[in-house]
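See below for work23.cif, which holds mmCIF, C-alpha atoms.
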data_protein
loop_
_atom_site.group_PDB
_atom_site.id
_atom_site.type_symbol
_atom_site.label_atom_id
_atom_site.label_comp_id
_atom_site.auth_asym_id
_atom_site.auth_seq_id
_atom_site.Cartn_x
_atom_site.Cartn_y
_atom_site.Cartn_z
ATOM 1 C CA MET A 1 17.504 41.713 29.845
ATOM 2 C CA SER A 2 19.759 38.829 30.777
ATOM 3 C CA SER A 3 22.146 37.361 28.250
ATOM 4 C CA THR A 4 22.644 34.078 30.107
ATOM 5 C CA PRO A 5 21.693 31.033 28.056
ATOM 6 C CA THR A 6 18.559 29.225 29.087
ATOM 7 C CA GLN A 7 17.727 25.559 28.831
ATOM 8 C CA THR A 8 16.295 24.868 25.365
ATOM 9 C CA TYR A 9 14.648 21.574 26.189
ATOM 10 C CA GLN A 10 12.446 20.042 28.815
ATOM 11 C CA ILE A 11 12.685 16.569 30.233
ATOM 12 C CA SER A 12 9.714 14.757 28.765
ATOM 13 C CA LYS A 13 7.221 12.819 30.788
ATOM 14 C CA THR A 14 7.291 9.065 30.459
ATOM 15 C CA LEU A 15 4.385 6.679 30.349
ATOM 16 C CA GLU A 16 4.226 3.476 32.348
ATOM 17 C CA THR A 17 4.054 0.659 29.797
ATOM 18 C CA ASP A 18 4.606 -3.091 29.783
ATOM 19 C CA TYR A 19 7.528 -2.821 27.366
ATOM 20 C CA PRO A 20 10.624 -0.590 27.309
ATOM 21 C CA LEU A 21 10.502 2.862 25.754
ATOM 22 C CA ILE A 22 12.728 3.066 22.684
ATOM 23 C CA ASP A 23 11.980 6.626 21.604
ATOM 24 C CA ASN A 24 9.100 8.965 22.416
ATOM 25 C CA ASP A 25 9.599 11.025 19.255
ATOM 26 C CA PRO A 26 11.114 8.819 16.540
ATOM 27 C CA HIS A 27 11.981 10.252 13.154
ATOM 28 C CA PHE A 28 9.610 9.339 10.308
ATOM 29 C CA LYS A 29 12.317 7.310 8.547
ATOM 30 C CA ARG A 30 13.039 5.211 11.644
ATOM 31 C CA VAL A 31 9.369 4.344 12.085
ATOM 32 C CA ILE A 32 9.168 3.152 8.477
ATOM 33 C CA LYS A 33 12.499 1.303 8.701
ATOM 34 C CA TYR A 34 11.554 -0.551 11.890
ATOM 35 C CA ALA A 35 8.100 -1.592 10.648
ATOM 36 C CA ARG A 36 7.365 -5.303 10.669
ATOM 37 C CA PRO A 37 5.900 -7.239 7.728
ATOM 38 C CA SER A 38 2.695 -7.620 9.751
ATOM 39 C CA ASP A 39 2.413 -3.813 9.864
ATOM 40 C CA TYR A 40 2.501 -3.711 6.073
ATOM 41 C CA VAL A 41 -0.151 -6.435 5.858
ATOM 42 C CA HIS A 42 -2.431 -4.627 8.301
ATOM 43 C CA GLY A 43 -1.995 -1.357 6.414
ATOM 44 C CA VAL A 44 -2.767 -2.924 3.029
ATOM 45 C CA VAL A 45 -5.814 -4.741 4.388
ATOM 46 C CA ALA A 46 -7.067 -1.544 6.038
ATOM 47 C CA ALA A 47 -6.578 0.331 2.759
ATOM 48 C CA ALA A 48 -8.454 -2.330 0.795
ATOM 49 C CA VAL A 49 -11.478 -2.439 3.113
ATOM 50 C CA GLY A 50 -13.028 0.848 1.933
ATOM 51 C CA PRO A 51 -13.051 0.172 -1.804
ATOM 52 C CA GLY A 52 -13.988 -3.468 -1.158
ATOM 53 C CA LEU A 53 -17.008 -2.508 0.920
ATOM 54 C CA LEU A 54 -18.097 0.134 -1.575
ATOM 55 C CA TYR A 55 -17.808 -2.321 -4.458
ATOM 56 C CA GLY A 56 -19.743 -4.969 -2.505
ATOM 57 C CA MET A 57 -22.510 -2.523 -1.623
ATOM 58 C CA GLU A 58 -22.734 -1.437 -5.257
ATOM 59 C CA LYS A 59 -23.092 -5.065 -6.386
ATOM 60 C CA PHE A 60 -25.787 -5.972 -3.878
ATOM 61 C CA PHE A 61 -27.594 -2.618 -3.688
ATOM 62 C CA PRO A 62 -26.886 -0.726 -6.954
ATOM 63 C CA THR A 63 -27.116 3.053 -6.782
ATOM 64 C CA ARG A 64 -27.570 3.532 -10.527
ATOM 65 C CA VAL A 65 -25.742 6.874 -10.307
ATOM 66 C CA GLY A 66 -25.123 6.979 -14.015
ATOM 67 C CA LYS A 67 -22.037 6.966 -16.181
ATOM 68 C CA GLY A 68 -18.863 7.751 -14.243
ATOM 69 C CA GLY A 69 -20.532 8.336 -10.875
ATOM 70 C CA PHE A 70 -19.417 5.066 -9.341
ATOM 71 C CA ALA A 71 -15.863 5.478 -10.697
ATOM 72 C CA GLN A 72 -15.529 8.837 -8.952
ATOM 73 C CA ALA A 73 -16.799 7.365 -5.710
ATOM 74 C CA MET A 74 -14.312 4.487 -5.992
ATOM 75 C CA ARG A 75 -11.410 6.873 -6.629
ATOM 76 C CA LEU A 76 -12.315 8.986 -3.620
ATOM 77 C CA THR A 77 -12.806 5.915 -1.437
ATOM 78 C CA GLY A 78 -9.532 4.456 -2.675
ATOM 79 C CA ALA A 79 -7.607 7.652 -1.897
ATOM 80 C CA LEU A 80 -9.109 8.024 1.585
ATOM 81 C CA SER A 81 -8.567 4.334 2.318
ATOM 82 C CA ALA A 82 -4.939 4.517 1.178
ATOM 83 C CA VAL A 83 -4.320 7.391 3.576
ATOM 84 C CA GLY A 84 -6.126 5.531 6.350
ATOM 85 C CA GLY A 85 -4.161 2.350 5.648
ATOM 86 C CA PHE A 86 -0.868 4.228 5.811
ATOM 87 C CA VAL A 87 -1.821 5.915 9.089
ATOM 88 C CA TYR A 88 -2.810 2.542 10.570
ATOM 89 C CA PHE A 89 0.480 0.978 9.382
ATOM 90 C CA TYR A 90 2.487 3.895 10.798
ATOM 91 C CA GLN A 91 0.679 3.855 14.121
ATOM 92 C CA ARG A 92 1.231 0.114 14.626
ATOM 93 C CA SER A 93 4.952 0.654 14.080
ATOM 94 C CA ILE A 94 5.347 3.769 16.218
ATOM 95 C CA LEU A 95 3.470 2.318 19.194
ATOM 96 C CA ARG A 96 6.343 -0.154 19.560
ATOM 97 C CA PHE A 97 8.741 2.783 19.956
ATOM 98 C CA TYR A 98 6.552 4.016 22.806
ATOM 99 C CA GLY A 99 6.611 0.573 24.453
ATOM 100 C CA MET A 100 2.874 0.138 24.102
ATOM 101 C CA SER A 101 3.125 -3.187 22.307
ATOM 102 C CA GLU A 102 5.675 -5.992 22.189
ATOM 103 C CA ASN A 103 8.964 -4.508 20.909
ATOM 104 C CA ALA A 104 11.849 -6.912 21.581
ATOM 105 C CA ARG A 105 12.889 -6.898 17.912
ATOM 106 C CA GLU A 106 12.857 -3.104 17.767
ATOM 107 C CA VAL A 107 14.837 -2.785 21.020
ATOM 108 C CA GLN A 108 17.591 -4.932 19.494
ATOM 109 C CA MET A 109 17.501 -3.003 16.208
ATOM 110 C CA ASP A 110 17.675 0.309 18.089
ATOM 111 C CA MET A 111 20.636 -0.823 20.208
ATOM 112 C CA ARG A 112 22.503 -2.083 17.135
ATOM 113 C CA GLU A 113 21.828 1.098 15.128
ATOM 114 C CA MET A 114 22.798 3.473 17.935
ATOM 115 C CA VAL A 115 25.916 1.542 18.981
ATOM 116 C CA ASP A 116 27.059 1.512 15.355
ATOM 117 C CA ARG A 117 26.545 5.290 15.226
ATOM 118 C CA VAL A 118 28.562 5.753 18.429
ATOM 119 C CA LYS A 119 31.396 3.609 17.064
ATOM 120 C CA ALA A 120 31.395 5.616 13.829
ATOM 121 C CA GLY A 121 31.501 8.902 15.764
ATOM 122 C CA GLN A 122 28.163 10.071 14.355
ATOM 123 C CA PRO A 123 25.477 11.891 16.321
ATOM 124 C CA LEU A 124 22.912 9.428 17.665
ATOM 125 C CA TYR A 125 19.859 11.023 16.110
ATOM 126 C CA GLY A 126 21.402 12.616 13.040
ATOM 127 C CA GLU A 127 22.468 16.119 12.080
ATOM 128 C CA SER A 128 20.046 19.027 12.228
ATOM 129 C CA GLN A 129 20.038 22.362 10.471
ATOM 130 C CA LEU A 130 17.813 23.882 13.167
ATOM 131 C CA THR A 131 18.906 25.803 16.241
ATOM 132 C CA PRO A 132 18.590 23.953 19.551
ATOM 133 C CA ALA A 133 15.588 26.126 20.438
ATOM 134 C CA MET A 134 13.761 25.198 17.236
ATOM 135 C CA GLN A 135 14.673 21.541 17.736
ATOM 136 C CA GLY A 136 13.011 21.790 21.141
ATOM 137 C CA VAL A 137 9.892 23.291 19.604
ATOM 138 C CA ALA A 138 9.756 20.503 17.021
ATOM 139 C CA ALA A 139 10.247 17.851 19.701
ATOM 140 C CA ARG A 140 7.504 19.239 21.912
ATOM 141 C CA GLN A 141 5.083 19.416 18.998
ATOM 142 C CA SER A 142 5.556 15.827 17.823
ATOM 143 C CA ARG A 143 6.329 13.910 21.038
ATOM 144 C CA PHE A 144 3.779 11.087 21.501
ATOM 145 C CA SER A 145 1.883 12.480 18.497
ATOM 146 C CA ALA A 146 0.862 8.993 17.336
ATOM 147 C CA LEU A 147 -1.532 8.750 20.270
ATOM 148 C CA PHE A 148 -3.669 11.371 18.512
ATOM 149 C CA MET A 149 -2.965 10.068 14.998
ATOM 150 C CA HIS A 150 -6.607 9.110 14.380
ATOM 151 C CA VAL A 151 -7.587 12.776 14.631
ATOM 152 C CA MET A 152 -4.582 14.590 13.188
ATOM 153 C CA PRO A 153 -1.676 12.738 11.576
ATOM 154 C CA TRP A 154 1.544 14.395 12.750
ATOM 155 C CA PHE A 155 5.005 13.080 11.940
ATOM 156 C CA ASN A 156 8.495 13.958 13.153
ATOM 157 C CA PHE A 157 10.752 15.015 10.273
ATOM 158 C CA VAL A 158 13.286 16.843 12.493
ATOM 159 C CA ASN A 159 16.534 15.400 13.819
ATOM 160 C CA HIS A 160 16.977 16.395 17.441
ATOM 161 C CA SER A 161 18.377 14.915 20.643
ATOM 162 C CA GLN A 162 15.217 14.945 22.768
ATOM 163 C CA HIS A 163 13.871 11.409 22.701
ATOM 164 C CA GLY A 164 13.037 10.628 26.312
ATOM 165 C CA VAL A 165 15.634 7.889 26.804
ATOM 166 C CA ASP A 166 18.962 7.744 28.596
ATOM 167 C CA THR A 167 21.506 7.567 25.783
ATOM 168 C CA ALA A 168 24.301 6.439 28.119
ATOM 169 C CA LYS A 169 23.303 2.826 27.463
ATOM 170 C CA TYR A 170 24.429 3.167 23.829
ATOM 171 C CA TYR A 171 27.824 4.576 24.782
ATOM 172 C CA GLN A 172 28.336 1.924 27.466
ATOM 173 C CA GLN A 173 27.490 -0.876 25.028
ATOM 174 C CA ALA A 174 29.827 0.630 22.415
ATOM 175 C CA GLU A 175 32.631 0.739 24.989
ATOM 176 C CA ARG A 176 32.029 -2.916 25.880
ATOM 177 C CA GLU A 177 32.074 -3.939 22.217
ATOM 178 C CA LEU A 178 35.202 -1.915 21.441
ATOM 179 C CA GLU A 179 36.959 -3.423 24.470
ATOM 180 C CA ALA A 180 35.959 -6.944 23.385
ATOM 181 C CA GLU A 181 37.259 -6.230 19.869
ATOM 182 C CA ARG A 182 40.556 -4.908 21.294
ATOM 183 C CA ILE A 183 41.001 -7.993 23.481
ATOM 184 C CA ALA A 184 40.213 -10.273 20.539
ATOM 185 C CA ARG A 185 42.844 -8.491 18.395
ATOM 186 C CA GLU A 186 45.488 -8.700 21.101
ATOM 187 C CA GLY A 187 44.682 -12.313 21.920
ATOM 188 C CA ARG A 188 45.507 -13.558 18.418
#
Same coordinates, now as structure tokens:
Amino acid sequence: MSSTPTQTYQISKTLETDYPLIDNDPHFKRVIKYARPSDYVHGVVAAAVGPGLLYGMEKFFPTRVGKGGFAQAMRLTGALSAVGGFVYFYQRSILRFYGMSENAREVQMDMREMVDRVKAGQPLYGESQLTPAMQGVAARQSRFSALFMHVMPWFNFVNHSQHGVDTAKYYQQAERELEAERIAREGR
């Protein structure tokens, strides 16, 4: 048995999209943080559709299920619709990370966040308690998972460094900004 270390990650495949890839496996918190107000509106509307339709059907075509029957149906519909609304909200936000919809705002937010992390000397994608091998497993399991979100919601809760983008751009931008700050200080 060989004791030489093996590569714990694989280079991920990229999809050809009209917009730039920001991250092919963003952390749950980043997806929520980068969401637009329109994502929230779409999620709330999607969550309200189920109970609204059930209430409308009950008004126009009463079921006469008896005391408490309609309330139980509304609670169940409300719970399922809330989950569905959240999944729709989340998917609209994460598709921008994949570059599958317009993402200029998110590209700027990503560059700012990552450059600030580089300047502060922090790891780009956060600290992880997992071994590199387990980080690789987590990355492979959740990469592009939002494309199958309608069947099985799957979120990335693991910090790892496998995000399908060249991180050199963050370090280069940080160097440019630090150099500009140094020149501005010396020029005074």
query: Residues picked by the PyMOL selection byres ((chain A and resi 138) around 10) here, as number ranges by chain?
result: A: 25, 130, 132-137, 139-143, 156-160, 162
- prompt: What is the CA of Leu53 in chain A to CA of Thr77 in chain A distance in Å?
  reply: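 The value is 9.7 Å.
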- request: Would you work out the distance separating CA of Pro26 in chain A from CA of Glu175 in chain A, expressed in Å to one decimal?
  value: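 Going from CA of Pro26 in chain A over to CA of Glu175 in chain A covers 24.5 Å.
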Å distance separating CA of Ser101 in chain A from CA of Ser161 in chain A, one decimal place: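 It comes out at 23.7 Å.
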Polymer residues at most 9 Å from His42 in chain A, all atoms listed in the file, same-chain spacing of 6 or more positions, as a PyMOL selection string: chain A and resi 85+88-89+92
message: Could you check the closest approach to Pro153 in chain A for each of A:Tyr90, A:Tyr125, A:Tyr98, A:Tyr170 and tell me which residue wins, using all atoms listed in the file?
response: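 For Pro153 in chain A, the nearest of the candidates is A:Tyr90.
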task: Find the spatial neighbours of Asn24 in chain A, counting only C-alpha atoms, within a cut-off of 8 Å - ignore same-chain residues fewer than 6 positions away - and output them as a VMD selection string.
output: chain A and resid 97 to 98 143 to 144 163 to 165
Neighbour list for Lys169 in chain A as a PyMOL selection string, cut-off 12 Å, all atoms listed in the file, skip fewer than 4 positions in-chain: chain A and resi 22+110-112+114-115+118+124+165+173-176
message: Running the PyMOL selection byres ((chain A and resi 80-82) around 12) on this model by hand, what would come out? Give it as number ranges by chain.
response: A: 42-54, 73-79, 83-89
Taking all listed atoms of range 105-111 of chain A, build the axis-aligned box, pad each of the six sides by 4 Å, then write its centre and edge lengths in Å to one decimal as lines of an AutoDock Vina configuration file.
center_x = 16.7
center_y = -3.3
center_z = 18.6
size_x = 15.8
size_y = 15.2
size_z = 12.8
Would you kindly place N, CA and C atoms on range 68-98 of chain A and return the model as a short mmCIF file (atom, residue, chain, number, x, y, z; two decimals), in the frame of the given file?
data_model
loop_
_atom_site.label_atom_id
_atom_site.label_comp_id
_atom_site.auth_asym_id
_atom_site.auth_seq_id
_atom_site.Cartn_x
_atom_site.Cartn_y
_atom_site.Cartn_z
N GLY A 68 -19.98 7.10 -14.90
CA GLY A 68 -18.86 7.75 -14.24
C GLY A 68 -19.07 8.07 -12.77
N GLY A 69 -20.28 8.00 -12.27
CA GLY A 69 -20.53 8.34 -10.88
C GLY A 69 -19.88 7.36 -9.91
N PHE A 70 -20.00 6.08 -10.23
CA PHE A 70 -19.42 5.07 -9.34
C PHE A 70 -17.89 5.12 -9.40
N ALA A 71 -17.33 5.40 -10.56
CA ALA A 71 -15.86 5.48 -10.70
C ALA A 71 -15.30 6.61 -9.83
N GLN A 72 -15.98 7.73 -9.80
CA GLN A 72 -15.53 8.84 -8.95
C GLN A 72 -15.59 8.46 -7.48
N ALA A 73 -16.66 7.79 -7.10
CA ALA A 73 -16.80 7.36 -5.71
C ALA A 73 -15.70 6.37 -5.34
N MET A 74 -15.38 5.47 -6.26
CA MET A 74 -14.31 4.49 -5.99
C MET A 74 -12.95 5.17 -5.88
N ARG A 75 -12.69 6.15 -6.72
CA ARG A 75 -11.41 6.87 -6.63
C ARG A 75 -11.28 7.59 -5.30
N LEU A 76 -12.34 8.27 -4.90
CA LEU A 76 -12.32 8.99 -3.62
C LEU A 76 -12.15 8.00 -2.46
N THR A 77 -12.91 6.93 -2.49
CA THR A 77 -12.81 5.92 -1.44
C THR A 77 -11.42 5.29 -1.42
N GLY A 78 -10.88 5.03 -2.59
CA GLY A 78 -9.53 4.46 -2.68
C GLY A 78 -8.48 5.39 -2.10
N ALA A 79 -8.58 6.68 -2.41
CA ALA A 79 -7.61 7.65 -1.90
C ALA A 79 -7.72 7.78 -0.38
N LEU A 80 -8.93 7.91 0.14
CA LEU A 80 -9.11 8.02 1.58
C LEU A 80 -8.67 6.75 2.30
N SER A 81 -8.96 5.60 1.71
CA SER A 81 -8.57 4.33 2.32
C SER A 81 -7.06 4.15 2.29
N ALA A 82 -6.40 4.61 1.24
CA ALA A 82 -4.94 4.52 1.18
C ALA A 82 -4.31 5.36 2.28
N VAL A 83 -4.83 6.55 2.50
CA VAL A 83 -4.32 7.39 3.58
C VAL A 83 -4.58 6.72 4.92
N GLY A 84 -5.79 6.21 5.11
CA GLY A 84 -6.13 5.53 6.35
C GLY A 84 -5.27 4.29 6.58
N GLY A 85 -5.01 3.53 5.53
CA GLY A 85 -4.16 2.35 5.65
C GLY A 85 -2.74 2.71 6.03
N PHE A 86 -2.21 3.79 5.46
CA PHE A 86 -0.87 4.23 5.81
C PHE A 86 -0.81 4.68 7.27
N VAL A 87 -1.81 5.43 7.70
CA VAL A 87 -1.82 5.92 9.09
C VAL A 87 -1.90 4.73 10.05
N TYR A 88 -2.70 3.73 9.72
CA TYR A 88 -2.81 2.54 10.57
C TYR A 88 -1.48 1.79 10.62
N PHE A 89 -0.83 1.62 9.47
CA PHE A 89 0.48 0.98 9.38
C PHE A 89 1.50 1.74 10.23
N TYR A 90 1.53 3.05 10.09
CA TYR A 90 2.49 3.90 10.80
C TYR A 90 2.25 3.83 12.31
N GLN A 91 0.99 3.86 12.69
CA GLN A 91 0.68 3.86 14.12
C GLN A 91 1.05 2.52 14.76
N ARG A 92 0.83 1.41 14.08
CA ARG A 92 1.23 0.11 14.63
C ARG A 92 2.73 0.08 14.86
N SER A 93 3.50 0.65 13.95
CA SER A 93 4.95 0.65 14.08
C SER A 93 5.42 1.59 15.19
N ILE A 94 4.86 2.78 15.25
CA ILE A 94 5.35 3.77 16.22
C ILE A 94 4.95 3.41 17.65
N LEU A 95 3.86 2.69 17.83
CA LEU A 95 3.47 2.32 19.19
C LEU A 95 4.50 1.39 19.83
N ARG A 96 5.26 0.67 19.02
CA ARG A 96 6.34 -0.15 19.56
C ARG A 96 7.47 0.72 20.08
N PHE A 97 7.73 1.85 19.45
CA PHE A 97 8.74 2.78 19.96
C PHE A 97 8.34 3.30 21.34
N TYR A 98 7.05 3.52 21.53
CA TYR A 98 6.55 4.02 22.81
C TYR A 98 6.50 2.93 23.88
#
